[in-house]
>>> print(open('structure01.pdb').read())   # PDB, C-alpha atoms
ATOM      1  CA  MET A 180     149.017  92.189 116.847
ATOM      2  CA  GLU A 181     147.769  93.826 113.662
ATOM      3  CA  LYS A 182     146.213  97.239 114.015
ATOM      4  CA  ASP A 183     142.608  97.721 112.976
ATOM      5  CA  PRO A 184     142.597  99.582 109.601
ATOM      6  CA  LYS A 185     139.890 101.846 110.987
ATOM      7  CA  ASN A 186     142.257 102.944 113.793
ATOM      8  CA  ILE A 187     145.112 103.539 111.360
ATOM      9  CA  ILE A 188     143.034 106.006 109.373
ATOM     10  CA  ARG A 189     141.747 107.600 112.571
ATOM     11  CA  ASP A 190     145.373 108.123 113.738
ATOM     12  CA  VAL A 191     146.331 109.724 110.414
ATOM     13  CA  VAL A 192     143.500 112.210 110.725
ATOM     14  CA  GLU A 193     143.706 112.854 114.458
ATOM     15  CA  ASN A 194     147.507 113.142 114.655
ATOM     16  CA  SER A 195     147.511 115.590 111.748
ATOM     17  CA  LYS A 196     145.520 117.955 113.970
ATOM     18  CA  LYS A 197     148.333 117.935 116.529
ATOM     19  CA  ILE A 198     150.804 119.372 114.020
ATOM     20  CA  ASN A 199     151.312 123.123 113.711
ATOM     21  CA  SER A 200     150.403 123.564 110.054
ATOM     22  CA  LYS A 201     152.559 126.688 109.804
ATOM     23  CA  VAL A 202     155.665 124.648 110.667
ATOM     24  CA  PHE A 203     154.776 121.888 108.262
ATOM     25  CA  THR A 204     156.424 123.457 105.233
ATOM     26  CA  LEU A 205     159.383 121.918 103.473
ATOM     27  CA  THR A 206     161.823 124.695 104.390
ATOM     28  CA  ARG A 207     160.810 124.838 108.060
ATOM     29  CA  CYS A 208     160.878 121.060 108.483
ATOM     30  CA  ILE A 209     164.348 120.903 106.930
ATOM     31  CA  LEU A 210     165.593 123.779 109.097
ATOM     32  CA  LEU A 211     164.412 122.039 112.261
ATOM     33  CA  THR A 212     165.879 118.701 111.141
ATOM     34  CA  LEU A 213     169.265 120.244 110.341
ATOM     35  CA  MET A 214     169.407 121.967 113.712
ATOM     36  CA  TRP A 215     168.380 118.793 115.503
ATOM     37  CA  PHE A 216     171.179 116.879 113.772
ATOM     38  CA  ASN A 217     173.757 119.608 114.274
ATOM     39  CA  LYS A 218     173.495 120.237 117.978
ATOM     40  CA  ASP A 219     176.430 122.669 117.833
ATOM     41  CA  GLY A 220     174.332 125.190 115.952
ATOM     42  CA  LEU A 221     174.411 126.354 112.359
ATOM     43  CA  GLN A 222     175.404 129.678 110.895
ATOM     44  CA  PHE A 223     173.136 131.609 108.520
ATOM     45  CA  ARG A 224     175.702 131.241 105.718
ATOM     46  CA  GLU A 225     175.791 127.455 106.219
ATOM     47  CA  LEU A 226     172.007 127.151 106.148
ATOM     48  CA  LYS A 227     171.869 129.294 103.021
ATOM     49  CA  ASN A 228     174.422 127.042 101.339
ATOM     50  CA  ILE A 229     172.562 123.871 102.301
ATOM     51  CA  LEU A 230     169.086 125.036 101.287
ATOM     52  CA  ASN A 231     170.100 127.188  98.324
ATOM     53  CA  ILE A 232     167.343 129.727  98.880
ATOM     54  CA  SER A 233     167.373 133.520  98.962
ATOM     55  CA  ASP A 234     168.547 135.428 102.038
ATOM     56  CA  GLY A 235     165.061 136.896 102.453
ATOM     57  CA  LYS A 236     163.284 133.549 102.334
ATOM     58  CA  LEU A 237     165.727 131.981 104.763
ATOM     59  CA  LYS A 238     165.543 134.938 107.136
ATOM     60  CA  SER A 239     161.737 134.994 107.187
ATOM     61  CA  ASN A 240     161.571 131.254 107.905
ATOM     62  CA  LEU A 241     164.178 131.502 110.649
ATOM     63  CA  ASP A 242     162.397 134.510 112.159
ATOM     64  CA  PHE A 243     159.121 132.603 112.187
ATOM     65  CA  LEU A 244     160.649 129.572 113.916
ATOM     66  CA  GLN A 245     162.363 131.878 116.392
ATOM     67  CA  ASP A 246     159.188 133.857 117.097
ATOM     68  CA  ILE A 247     157.242 130.731 118.018
ATOM     69  CA  GLY A 248     160.120 129.549 120.209
ATOM     70  CA  PHE A 249     161.199 126.498 118.196
ATOM     71  CA  ILE A 250     164.735 127.777 117.624
ATOM     72  CA  LYS A 251     167.042 130.324 119.214
ATOM     73  CA  ARG A 252     169.505 132.770 117.649
ATOM     74  CA  ILE A 253     172.768 133.138 119.537
ATOM     75  CA  PRO A 254     175.448 135.789 118.886
ATOM     76  CA  ILE A 255     178.952 134.359 118.409
ATOM     77  CA  ARG A 256     182.360 135.708 117.522
ATOM     78  CA  LEU A 257     184.170 133.687 114.883
ATOM     79  CA  ASP A 258     187.532 134.693 113.418
ATOM     80  CA  GLN A 259     187.112 138.235 114.775
ATOM     81  CA  LYS A 260     183.707 138.533 113.095
ATOM     82  CA  ASP A 261     180.375 138.924 114.853
ATOM     83  CA  MET A 262     177.887 136.340 113.649
ATOM     84  CA  HIS A 263     174.903 134.328 114.838
ATOM     85  CA  ILE A 264     174.193 130.656 115.087
ATOM     86  CA  TYR A 265     170.791 129.009 115.170
ATOM     87  CA  MET A 266     170.002 126.168 117.545
ATOM     88  CA  ILE A 267     166.876 124.091 118.049
ATOM     89  CA  GLU A 268     164.875 124.353 121.284
ATOM     90  CA  ASP A 269     163.082 121.447 122.990
ATOM     91  CA  SER A 270     159.732 122.723 121.695
ATOM     92  CA  GLY A 271     161.120 122.523 118.157
ATOM     93  CA  LYS A 272     162.209 118.927 118.734
ATOM     94  CA  ASN A 273     158.771 118.070 120.104
ATOM     95  CA  GLU A 274     157.092 119.515 117.027
ATOM     96  CA  LEU A 275     159.354 117.473 114.769
ATOM     97  CA  LYS A 276     158.544 114.340 116.783
ATOM     98  CA  LYS A 277     154.844 114.971 116.161
ATOM     99  CA  ILE A 278     155.515 115.250 112.436
ATOM    100  CA  ILE A 279     157.576 112.044 112.473
ATOM    101  CA  ARG A 280     154.821 110.224 114.357
ATOM    102  CA  TRP A 281     152.303 111.392 111.792
ATOM    103  CA  VAL A 282     154.495 110.236 108.901
ATOM    104  CA  GLU A 283     154.756 106.858 110.653
ATOM    105  CA  ASN A 284     150.950 106.725 110.640
ATOM    106  CA  MET A 285     151.056 107.345 106.899
ATOM    107  CA  LYS A 286     153.540 104.470 106.581
ATOM    108  CA  GLU A 287     151.044 102.215 108.296
ATOM    109  CA  VAL A 288     148.530 103.120 105.601
ATOM    110  CA  GLU A 289     151.076 102.082 102.988
ATOM    111  CA  GLY A 290     151.652  98.781 104.845
ATOM    112  CA  MET A 291     147.909  98.178 105.052
ATOM    113  CA  TYR A 292     147.531  98.863 101.335
ATOM    114  CA  ASN A 293     150.388  96.462 100.479
ATOM    115  CA  GLU A 294     148.854  93.712 102.644
ATOM    116  CA  GLN A 295     145.518  94.097 100.873
ATOM    117  CA  SER A 296     147.204  93.960  97.467
ATOM    118  CA  LYS A 297     148.865  90.634  98.383
ATOM    119  CA  SER A 298     145.658  88.940  99.525
TER     120      SER A 298
ATOM    121  CA  MET B 198     178.835 109.631 137.333
ATOM    122  CA  SER B 199     178.400 107.657 134.140
ATOM    123  CA  LYS B 200     181.407 105.925 132.601
ATOM    124  CA  VAL B 201     183.299 108.095 130.120
ATOM    125  CA  ASN B 202     183.777 106.727 126.618
ATOM    126  CA  PRO B 203     187.465 105.609 126.352
ATOM    127  CA  ASP B 204     187.691 107.303 122.966
ATOM    128  CA  PHE B 205     186.676 110.556 124.592
ATOM    129  CA  LEU B 206     189.593 110.250 127.035
ATOM    130  CA  LYS B 207     191.769 109.987 123.938
ATOM    131  CA  VAL B 208     190.083 113.093 122.494
ATOM    132  CA  ILE B 209     191.054 115.057 125.613
ATOM    133  CA  ALA B 210     194.633 113.744 125.384
ATOM    134  CA  ILE B 211     194.820 114.862 121.738
ATOM    135  CA  LEU B 212     193.527 118.339 122.580
ATOM    136  CA  SER B 213     195.871 118.722 125.534
ATOM    137  CA  ASN B 214     198.796 117.982 123.203
ATOM    138  CA  CYS B 215     197.610 120.455 120.588
ATOM    139  CA  LYS B 216     198.893 123.999 120.382
ATOM    140  CA  ILE B 217     195.514 125.647 120.694
ATOM    141  CA  GLU B 218     194.211 128.446 122.798
ATOM    142  CA  MET B 219     190.517 128.249 123.476
ATOM    143  CA  LYS B 220     188.922 131.481 124.689
ATOM    144  CA  ASN B 221     186.189 129.613 126.499
ATOM    145  CA  PRO B 222     187.285 126.006 126.826
ATOM    146  CA  LYS B 223     183.807 124.776 127.762
ATOM    147  CA  PRO B 224     182.370 123.425 124.507
ATOM    148  CA  ALA B 225     178.769 123.920 125.618
ATOM    149  CA  LYS B 226     179.439 127.641 125.976
ATOM    150  CA  ASN B 227     181.459 128.444 122.890
ATOM    151  CA  PHE B 228     180.825 127.747 119.212
ATOM    152  CA  GLN B 229     184.447 128.257 118.126
ATOM    153  CA  THR B 230     185.639 125.752 120.757
ATOM    154  CA  ARG B 231     183.184 123.166 119.429
ATOM    155  CA  LEU B 232     184.302 123.831 115.863
ATOM    156  CA  ILE B 233     187.988 123.465 116.792
ATOM    157  CA  ILE B 234     187.316 120.162 118.585
ATOM    158  CA  GLN B 235     185.313 118.714 115.683
ATOM    159  CA  LYS B 236     187.920 119.597 113.071
ATOM    160  CA  ILE B 237     191.006 118.578 115.063
ATOM    161  CA  ILE B 238     189.485 115.256 116.049
ATOM    162  CA  PHE B 239     188.431 114.637 112.459
ATOM    163  CA  LEU B 240     192.018 115.284 111.289
ATOM    164  CA  SER B 241     193.404 113.074 114.056
ATOM    165  CA  LYS B 242     191.150 110.215 113.009
ATOM    166  CA  ILE B 243     191.755 110.522 109.288
ATOM    167  CA  LEU B 244     195.520 110.694 109.898
ATOM    168  CA  GLY B 245     195.384 107.359 111.703
ATOM    169  CA  ILE B 246     194.419 107.733 115.365
ATOM    170  CA  ASN B 247     191.954 105.007 116.250
ATOM    171  CA  LEU B 248     188.706 106.713 117.283
ATOM    172  CA  ARG B 249     186.059 104.171 116.382
ATOM    173  CA  SER B 250     183.274 105.845 118.338
ATOM    174  CA  TYR B 251     183.282 108.859 116.090
ATOM    175  CA  ASN B 252     182.121 108.744 112.500
ATOM    176  CA  PHE B 253     182.268 111.922 110.489
ATOM    177  CA  SER B 254     179.961 112.772 107.641
ATOM    178  CA  LEU B 255     180.286 115.622 105.194
ATOM    179  CA  TYR B 256     177.369 117.628 103.996
ATOM    180  CA  LYS B 257     177.919 121.311 103.354
ATOM    181  CA  ASN B 258     178.914 122.182 106.890
ATOM    182  CA  GLY B 259     182.221 120.305 107.005
ATOM    183  CA  PRO B 260     183.048 116.942 108.596
ATOM    184  CA  TYR B 261     180.857 116.547 111.649
ATOM    185  CA  SER B 262     180.332 113.799 114.227
ATOM    186  CA  PRO B 263     177.101 113.877 116.294
ATOM    187  CA  SER B 264     178.483 111.248 118.721
ATOM    188  CA  LEU B 265     181.512 113.448 119.444
ATOM    189  CA  THR B 266     179.135 116.364 120.037
ATOM    190  CA  ALA B 267     177.136 114.275 122.506
ATOM    191  CA  ASP B 268     180.321 113.335 124.382
ATOM    192  CA  TYR B 269     181.595 116.883 124.814
ATOM    193  CA  TYR B 270     178.227 118.151 125.979
ATOM    194  CA  ASP B 271     178.114 115.305 128.511
ATOM    195  CA  ASN B 272     181.696 115.940 129.682
ATOM    196  CA  ASN B 273     181.884 119.701 129.468
ATOM    197  CA  GLU B 274     183.917 120.143 132.659
ATOM    198  CA  SER B 275     186.528 117.453 132.031
ATOM    199  CA  ILE B 276     187.252 118.682 128.531
ATOM    200  CA  ALA B 277     187.565 122.278 129.767
ATOM    201  CA  ALA B 278     190.072 121.135 132.395
ATOM    202  CA  LEU B 279     191.737 118.761 129.879
ATOM    203  CA  GLU B 280     191.559 115.963 132.460
ATOM    204  CA  THR B 281     192.320 112.509 131.118
ATOM    205  CA  SER B 282     193.897 109.264 132.203
ATOM    206  CA  TYR B 283     194.902 108.436 128.635
ATOM    207  CA  HIS B 284     198.468 108.909 127.375
ATOM    208  CA  LEU B 285     199.063 109.153 123.663
ATOM    209  CA  THR B 286     201.237 106.445 122.111
ATOM    210  CA  PRO B 287     204.395 107.575 120.233
ATOM    211  CA  ASN B 288     202.560 107.090 116.929
ATOM    212  CA  GLU B 289     199.608 109.178 118.115
ATOM    213  CA  GLN B 290     201.993 111.851 119.397
ATOM    214  CA  GLU B 291     203.583 111.972 115.973
ATOM    215  CA  ILE B 292     200.184 112.559 114.341
ATOM    216  CA  VAL B 293     199.297 115.310 116.804
ATOM    217  CA  GLY B 294     202.754 116.811 116.234
ATOM    218  CA  LYS B 295     202.032 116.904 112.507
ATOM    219  CA  ILE B 296     198.722 118.692 113.114
ATOM    220  CA  ASN B 297     200.533 121.198 115.340
ATOM    221  CA  ASN B 298     203.340 121.861 112.870
ATOM    222  CA  VAL B 299     201.378 121.936 109.650
ATOM    223  CA  VAL B 300     197.993 123.310 110.714
ATOM    224  CA  LEU B 301     198.029 125.039 114.077
ATOM    225  CA  GLU B 302     201.331 126.842 113.593
ATOM    226  CA  HIS B 303     200.280 128.165 110.214
ATOM    227  CA  PRO B 304     200.126 132.003 110.270
ATOM    228  CA  LEU B 305     196.534 131.971 108.955
ATOM    229  CA  ASN B 306     195.517 130.072 112.067
ATOM    230  CA  ILE B 307     195.854 133.268 114.108
ATOM    231  CA  TYR B 308     193.071 135.346 112.533
ATOM    232  CA  ASN B 309     191.264 132.855 110.304
ATOM    233  CA  GLN B 310     191.281 129.760 112.461
ATOM    234  CA  ALA B 311     187.654 128.730 111.902
ATOM    235  CA  ASP B 312     187.714 129.195 108.127
ATOM    236  CA  LEU B 313     191.115 127.536 107.825
ATOM    237  CA  LEU B 314     190.118 124.469 109.868
ATOM    238  CA  GLU B 315     186.827 124.192 107.962
ATOM    239  CA  ALA B 316     188.617 124.378 104.620
ATOM    240  CA  ILE B 317     191.375 121.895 105.556
ATOM    241  CA  SER B 318     188.990 119.307 106.997
ATOM    242  CA  THR B 319     186.554 119.627 104.081
ATOM    243  CA  ALA B 320     189.297 119.366 101.439
ATOM    244  CA  TYR B 321     190.876 116.423 103.288
ATOM    245  CA  TYR B 322     187.557 114.587 103.476
ATOM    246  CA  ILE B 323     186.947 115.052  99.740
ATOM    247  CA  LYS B 324     190.505 113.976  98.858
ATOM    248  CA  HIS B 325     190.319 110.943 101.146
ATOM    249  CA  TYR B 326     187.258 109.574  99.382
ATOM    250  CA  ASN B 327     188.385 110.652  95.879
ATOM    251  CA  GLU B 328     192.085 109.738  95.806
ATOM    252  CA  ASP B 329     192.520 110.563  92.132
ATOM    253  CA  ILE B 330     190.805 113.929  92.197
ATOM    254  CA  LEU B 331     192.763 116.687  90.465
ATOM    255  CA  ASP B 332     193.708 119.845  92.340
ATOM    256  CA  ASP B 333     191.367 122.045  90.293
ATOM    257  CA  ASP B 334     188.442 119.716  90.969
ATOM    258  CA  LEU B 335     189.355 119.503  94.643
ATOM    259  CA  PHE B 336     189.344 123.291  94.784
ATOM    260  CA  ALA B 337     185.955 123.450  93.022
ATOM    261  CA  LYS B 338     184.367 120.824  95.259
ATOM    262  CA  THR B 339     185.697 122.451  98.429
ATOM    263  CA  LYS B 340     184.449 125.842  97.251
ATOM    264  CA  ASP B 341     181.070 124.284  96.489
ATOM    265  CA  GLU B 342     180.873 122.904 100.023
ATOM    266  CA  LYS B 343     182.135 126.143 101.570
ATOM    267  CA  PRO B 344     181.314 129.029  99.212
ATOM    268  CA  PHE B 345     181.765 131.633 101.955
ATOM    269  CA  ILE B 346     185.433 130.730 102.511
ATOM    270  CA  SER B 347     187.822 132.773 100.401
ATOM    271  CA  ALA B 348     189.655 131.261  97.420
ATOM    272  CA  LYS B 349     192.946 132.186  99.090
ATOM    273  CA  ILE B 350     192.176 130.184 102.240
ATOM    274  CA  ILE B 351     190.957 127.194 100.218
ATOM    275  CA  THR B 352     194.119 127.205  98.115
ATOM    276  CA  ILE B 353     196.291 127.311 101.230
ATOM    277  CA  ALA B 354     194.135 124.596 102.817
ATOM    278  CA  ILE B 355     194.662 122.274  99.837
ATOM    279  CA  ASN B 356     198.429 122.727 100.150
ATOM    280  CA  ILE B 357     198.185 121.950 103.854
ATOM    281  CA  VAL B 358     196.207 118.785 103.050
ATOM    282  CA  LYS B 359     199.069 117.709 100.759
ATOM    283  CA  LYS B 360     201.556 118.252 103.572
ATOM    284  CA  LEU B 361     199.399 116.305 106.020
ATOM    285  CA  ARG B 362     199.054 113.381 103.610
ATOM    286  CA  PHE B 363     202.734 113.359 102.726
ATOM    287  CA  LYS B 364     204.699 110.328 103.918
ATOM    288  CA  PRO B 365     208.518 110.360 104.249
ATOM    289  CA  GLU B 366     208.785 107.344 101.929
ATOM    290  CA  TYR B 367     207.414 109.494  99.086
ATOM    291  CA  LEU B 368     210.544 111.604  99.248
ATOM    292  CA  THR B 369     212.869 109.837  96.814
ATOM    293  CA  LYS B 370     216.331 111.165  95.998
ATOM    294  CA  ASP B 371     215.089 112.494  92.643
ATOM    295  CA  ILE B 372     212.307 114.480  94.287
ATOM    296  CA  GLN B 373     214.650 115.810  96.967
ATOM    297  CA  ASP B 374     217.108 116.957  94.285
ATOM    298  CA  GLU B 375     214.314 118.767  92.483
ATOM    299  CA  LEU B 376     213.094 120.382  95.704
ATOM    300  CA  ASP B 377     216.647 121.547  96.435
ATOM    301  CA  LEU B 378     216.743 123.159  92.999
ATOM    302  CA  TRP B 379     213.474 124.999  93.699
ATOM    303  CA  ASP B 380     214.808 126.124  97.078
ATOM    304  CA  LYS B 381     217.923 127.499  95.425
ATOM    305  CA  ALA B 382     215.793 129.261  92.819
ATOM    306  CA  GLU B 383     213.765 130.919  95.608
ATOM    307  CA  ASP B 384     216.982 132.128  97.289
TER     308      ASP B 384
END
>>> encode(input="structure01.pdb", output="structure tokens")
Amino acid sequence: MEKDPKNIIRDVVENSKKINSKVFTLTRCILLTLMWFNKDGLQFRELKNILNISDGKLKSNLDFLQDIGFIKRIPIRLDQKDMHIYMIEDSGKNELKKIIRWVENMKEVEGMYNEQSKS
Amino acid sequence: MSKVNPDFLKVIAILSNCKIEMKNPKPAKNFQTRLIIQKIIFLSKILGINLRSYNFSLYKNGPYSPSLTADYYDNNESIAALETSYHLTPNEQEIVGKINNVVLEHPLNIYNQADLLEAISTAYYIKHYNEDILDDDLFAKTKDEKPFISAKIITIAINIVKKLRFKPEYLTKDIQDELDLWDKAED
């Protein structure tokens, strides 16, 4: 059954309110996505290489996500060197799911627009 | 208990035949253990062991298989105990033997195991999908993927990749004669 266009727009607006706007930045979304994909955890040096941003910017974003409990920082020993890995927490996954759901709402708007263009 | 993926039983058999010492063999508890498993299983697959359940992708953090990760988190105890009903075939044993001889017995594997395995698996992946790539370009691409690994380790890793990919039929009499000459020169 087709969704009422009015409800589609309502969902876009209402679901946007469920998202933590401080997490909805490009860097933080990518960090959470990478950690969700790589369940084993990622090292700081790997994240830096993937995102190609400064140490300071990466550190402040990681600290923020850690402070709100979306990721955890775990000490490891690798090749006789003390390091840390970053892993996503369930709350971080839930936040990403909210963002994905919201983007799906946006997709529905695109579908609605395409349908109207055809008719 | 849910049924264990048959490919995962093979994974355990591969690891139990490998010359590796894992400080904490439970993957869920130790990052280095997880890294070792990912890289050794990647090498096993790319060298010809049939492990259809596990697809590896490469993007900056070395070849990685999420489905393999899921399996070792779900079977943390059995992999720590290296319990499996699967026995490697002679061909699979030969591949694992090659990994032991060429990779795990390499002196760098003692103190630089993580970096060495990362570099070998990354260079192998790149070479596998770019057969004609030149050594200098392979070095550059591997370094681009893993900038924090030293040039020395990457160079050694590329040589190890050559040894892993080498097939006995490549060794013609002419090449053997030339190698003998080089050996004599080194003496």
>>> closest_atom_pairs(input="structure01.pdb", of="chain A", to="chain B", cutoff="8 Å", atoms="all atoms listed in the file", output="JSON lines")
{"residue": "A:Phe216", "atom": "CA", "partner": "B:Pro263", "partner_atom": "CA", "distance": 7.1}
{"residue": "A:Asn217", "atom": "CA", "partner": "B:Pro263", "partner_atom": "CA", "distance": 6.9}
{"residue": "A:Lys218", "atom": "CA", "partner": "B:Thr266", "partner_atom": "CA", "distance": 7.1}
{"residue": "A:Asp219", "atom": "CA", "partner": "B:Phe228", "partner_atom": "CA", "distance": 6.9}
{"residue": "A:Gly220", "atom": "CA", "partner": "B:Phe228", "partner_atom": "CA", "distance": 7.7}
{"residue": "A:Arg224", "atom": "CA", "partner": "B:Phe345", "partner_atom": "CA", "distance": 7.1}
{"residue": "A:Glu225", "atom": "CA", "partner": "B:Asn258", "partner_atom": "CA", "distance": 6.2}
{"residue": "A:Asn228", "atom": "CA", "partner": "B:Lys257", "partner_atom": "CA", "distance": 7.0}
{"residue": "A:Ile229", "atom": "CA", "partner": "B:Lys257", "partner_atom": "CA", "distance": 6.0}
{"residue": "A:Ile255", "atom": "CA", "partner": "B:Phe228", "partner_atom": "CA", "distance": 6.9}
{"residue": "A:Arg256", "atom": "CA", "partner": "B:Gln229", "partner_atom": "CA", "distance": 7.8}
{"residue": "A:Leu257", "atom": "CA", "partner": "B:Gln229", "partner_atom": "CA", "distance": 6.3}
{"residue": "A:Asp258", "atom": "CA", "partner": "B:Asn309", "partner_atom": "CA", "distance": 5.2}
{"residue": "A:Gln259", "atom": "CA", "partner": "B:Tyr308", "partner_atom": "CA", "distance": 7.0}
>>> resolve_selection(input="structure01.pdb", expression="the PyMOL selection byres ((chain B and resi 209-222) around 7)", output="count of residues only")
19
>>> resolve_selection(input="structure01.pdb", expression="the PyMOL selection byres ((chain B and resi 288-292) around 8)", output="ChimeraX atom specification")
/B:214,241,244-246,285-287,293-296
>>> atom_distance(input="structure01.pdb", atom1="CA of Gly248 (chain A)", atom2="CA of Lys227 (chain A)")
20.8 Å
>>> closest_residue(input="structure01.pdb", among="A:Lys197, A:Lys238, A:His263, A:Lys251", to="Lys276 (chain A)", atoms="only C-alpha atoms")
A:Lys197
>>> residues_around(input="structure01.pdb", residues="Thr206 (chain A)", least_positions_apart="6", cutoff="10 Å", atoms="all atoms listed in the file", output="ChimeraX atom specification")
/A:212,230,232,236-237,240-241
>>> write_last_selection(input="structure01.pdb", atoms="C-alpha atoms", output="short mmCIF file (atom, residue, chain, number, x, y, z; two decimals), in the frame of the given file")
data_model
loop_
_atom_site.label_atom_id
_atom_site.label_comp_id
_atom_site.auth_asym_id
_atom_site.auth_seq_id
_atom_site.Cartn_x
_atom_site.Cartn_y
_atom_site.Cartn_z
CA THR A 212 165.88 118.70 111.14
CA LEU A 230 169.09 125.04 101.29
CA ILE A 232 167.34 129.73 98.88
CA LYS A 236 163.28 133.55 102.33
CA LEU A 237 165.73 131.98 104.76
CA ASN A 240 161.57 131.25 107.90
CA LEU A 241 164.18 131.50 110.65
#
>>> build_atoms(input="structure01.pdb", residues="region 319-341 of chain B", atoms="N, CA and C atoms", output="PDB file, in the coordinates of the input")
ATOM      1  N   THR B 319     187.438 119.924 105.220  1.00  0.00           N
ATOM      2  CA  THR B 319     186.554 119.627 104.081  1.00  0.00           C
ATOM      3  C   THR B 319     187.364 119.105 102.886  1.00  0.00           C
ATOM      4  N   ALA B 320     188.465 119.800 102.579  1.00  0.00           N
ATOM      5  CA  ALA B 320     189.297 119.366 101.439  1.00  0.00           C
ATOM      6  C   ALA B 320     189.889 117.974 101.708  1.00  0.00           C
ATOM      7  N   TYR B 321     190.288 117.732 102.947  1.00  0.00           N
ATOM      8  CA  TYR B 321     190.876 116.423 103.288  1.00  0.00           C
ATOM      9  C   TYR B 321     189.834 115.319 103.115  1.00  0.00           C
ATOM     10  N   TYR B 322     188.630 115.584 103.586  1.00  0.00           N
ATOM     11  CA  TYR B 322     187.557 114.587 103.476  1.00  0.00           C
ATOM     12  C   TYR B 322     187.318 114.242 102.003  1.00  0.00           C
ATOM     13  N   ILE B 323     187.214 115.277 101.169  1.00  0.00           N
ATOM     14  CA  ILE B 323     186.947 115.052  99.740  1.00  0.00           C
ATOM     15  C   ILE B 323     188.100 114.258  99.110  1.00  0.00           C
ATOM     16  N   LYS B 324     189.328 114.650  99.420  1.00  0.00           N
ATOM     17  CA  LYS B 324     190.505 113.976  98.858  1.00  0.00           C
ATOM     18  C   LYS B 324     190.570 112.516  99.321  1.00  0.00           C
ATOM     19  N   HIS B 325     190.243 112.295 100.569  1.00  0.00           N
ATOM     20  CA  HIS B 325     190.319 110.943 101.146  1.00  0.00           C
ATOM     21  C   HIS B 325     189.396 109.968 100.406  1.00  0.00           C
ATOM     22  N   TYR B 326     188.213 110.454 100.046  1.00  0.00           N
ATOM     23  CA  TYR B 326     187.258 109.574  99.382  1.00  0.00           C
ATOM     24  C   TYR B 326     187.306 109.672  97.854  1.00  0.00           C
ATOM     25  N   ASN B 327     188.187 110.527  97.338  1.00  0.00           N
ATOM     26  CA  ASN B 327     188.385 110.652  95.879  1.00  0.00           C
ATOM     27  C   ASN B 327     189.887 110.798  95.636  1.00  0.00           C
ATOM     28  N   GLU B 328     190.612 109.697  95.868  1.00  0.00           N
ATOM     29  CA  GLU B 328     192.085 109.738  95.806  1.00  0.00           C
ATOM     30  C   GLU B 328     192.628 110.382  94.535  1.00  0.00           C
ATOM     31  N   ASP B 329     191.966 110.111  93.412  1.00  0.00           N
ATOM     32  CA  ASP B 329     192.520 110.563  92.132  1.00  0.00           C
ATOM     33  C   ASP B 329     192.052 111.952  91.715  1.00  0.00           C
ATOM     34  N   ILE B 330     191.353 112.622  92.573  1.00  0.00           N
ATOM     35  CA  ILE B 330     190.805 113.929  92.197  1.00  0.00           C
ATOM     36  C   ILE B 330     191.938 114.912  91.889  1.00  0.00           C
ATOM     37  N   LEU B 331     191.748 115.699  90.842  1.00  0.00           N
ATOM     38  CA  LEU B 331     192.763 116.687  90.465  1.00  0.00           C
ATOM     39  C   LEU B 331     192.626 117.926  91.349  1.00  0.00           C
ATOM     40  N   ASP B 332     193.710 118.670  91.453  1.00  0.00           N
ATOM     41  CA  ASP B 332     193.708 119.845  92.340  1.00  0.00           C
ATOM     42  C   ASP B 332     192.597 120.835  92.001  1.00  0.00           C
ATOM     43  N   ASP B 333     192.403 121.077  90.692  1.00  0.00           N
ATOM     44  CA  ASP B 333     191.367 122.045  90.293  1.00  0.00           C
ATOM     45  C   ASP B 333     189.980 121.570  90.723  1.00  0.00           C
ATOM     46  N   ASP B 334     189.753 120.262  90.582  1.00  0.00           N
ATOM     47  CA  ASP B 334     188.442 119.716  90.969  1.00  0.00           C
ATOM     48  C   ASP B 334     188.286 119.724  92.490  1.00  0.00           C
ATOM     49  N   LEU B 335     189.402 119.468  93.174  1.00  0.00           N
ATOM     50  CA  LEU B 335     189.355 119.503  94.643  1.00  0.00           C
ATOM     51  C   LEU B 335     189.019 120.919  95.116  1.00  0.00           C
ATOM     52  N   PHE B 336     189.636 121.890  94.449  1.00  0.00           N
ATOM     53  CA  PHE B 336     189.344 123.291  94.784  1.00  0.00           C
ATOM     54  C   PHE B 336     187.846 123.577  94.544  1.00  0.00           C
ATOM     55  N   ALA B 337     187.358 123.161  93.372  1.00  0.00           N
ATOM     56  CA  ALA B 337     185.955 123.450  93.022  1.00  0.00           C
ATOM     57  C   ALA B 337     184.985 122.786  93.993  1.00  0.00           C
ATOM     58  N   LYS B 338     185.273 121.536  94.346  1.00  0.00           N
ATOM     59  CA  LYS B 338     184.367 120.824  95.259  1.00  0.00           C
ATOM     60  C   LYS B 338     184.395 121.440  96.654  1.00  0.00           C
ATOM     61  N   THR B 339     185.585 121.835  97.098  1.00  0.00           N
ATOM     62  CA  THR B 339     185.697 122.451  98.429  1.00  0.00           C
ATOM     63  C   THR B 339     184.956 123.789  98.435  1.00  0.00           C
ATOM     64  N   LYS B 340     185.119 124.529  97.357  1.00  0.00           N
ATOM     65  CA  LYS B 340     184.449 125.842  97.251  1.00  0.00           C
ATOM     66  C   LYS B 340     182.930 125.650  97.206  1.00  0.00           C
ATOM     67  N   ASP B 341     182.501 124.567  96.561  1.00  0.00           N
ATOM     68  CA  ASP B 341     181.070 124.284  96.489  1.00  0.00           C
ATOM     69  C   ASP B 341     180.509 123.963  97.884  1.00  0.00           C
TER      70      ASP B 341
END
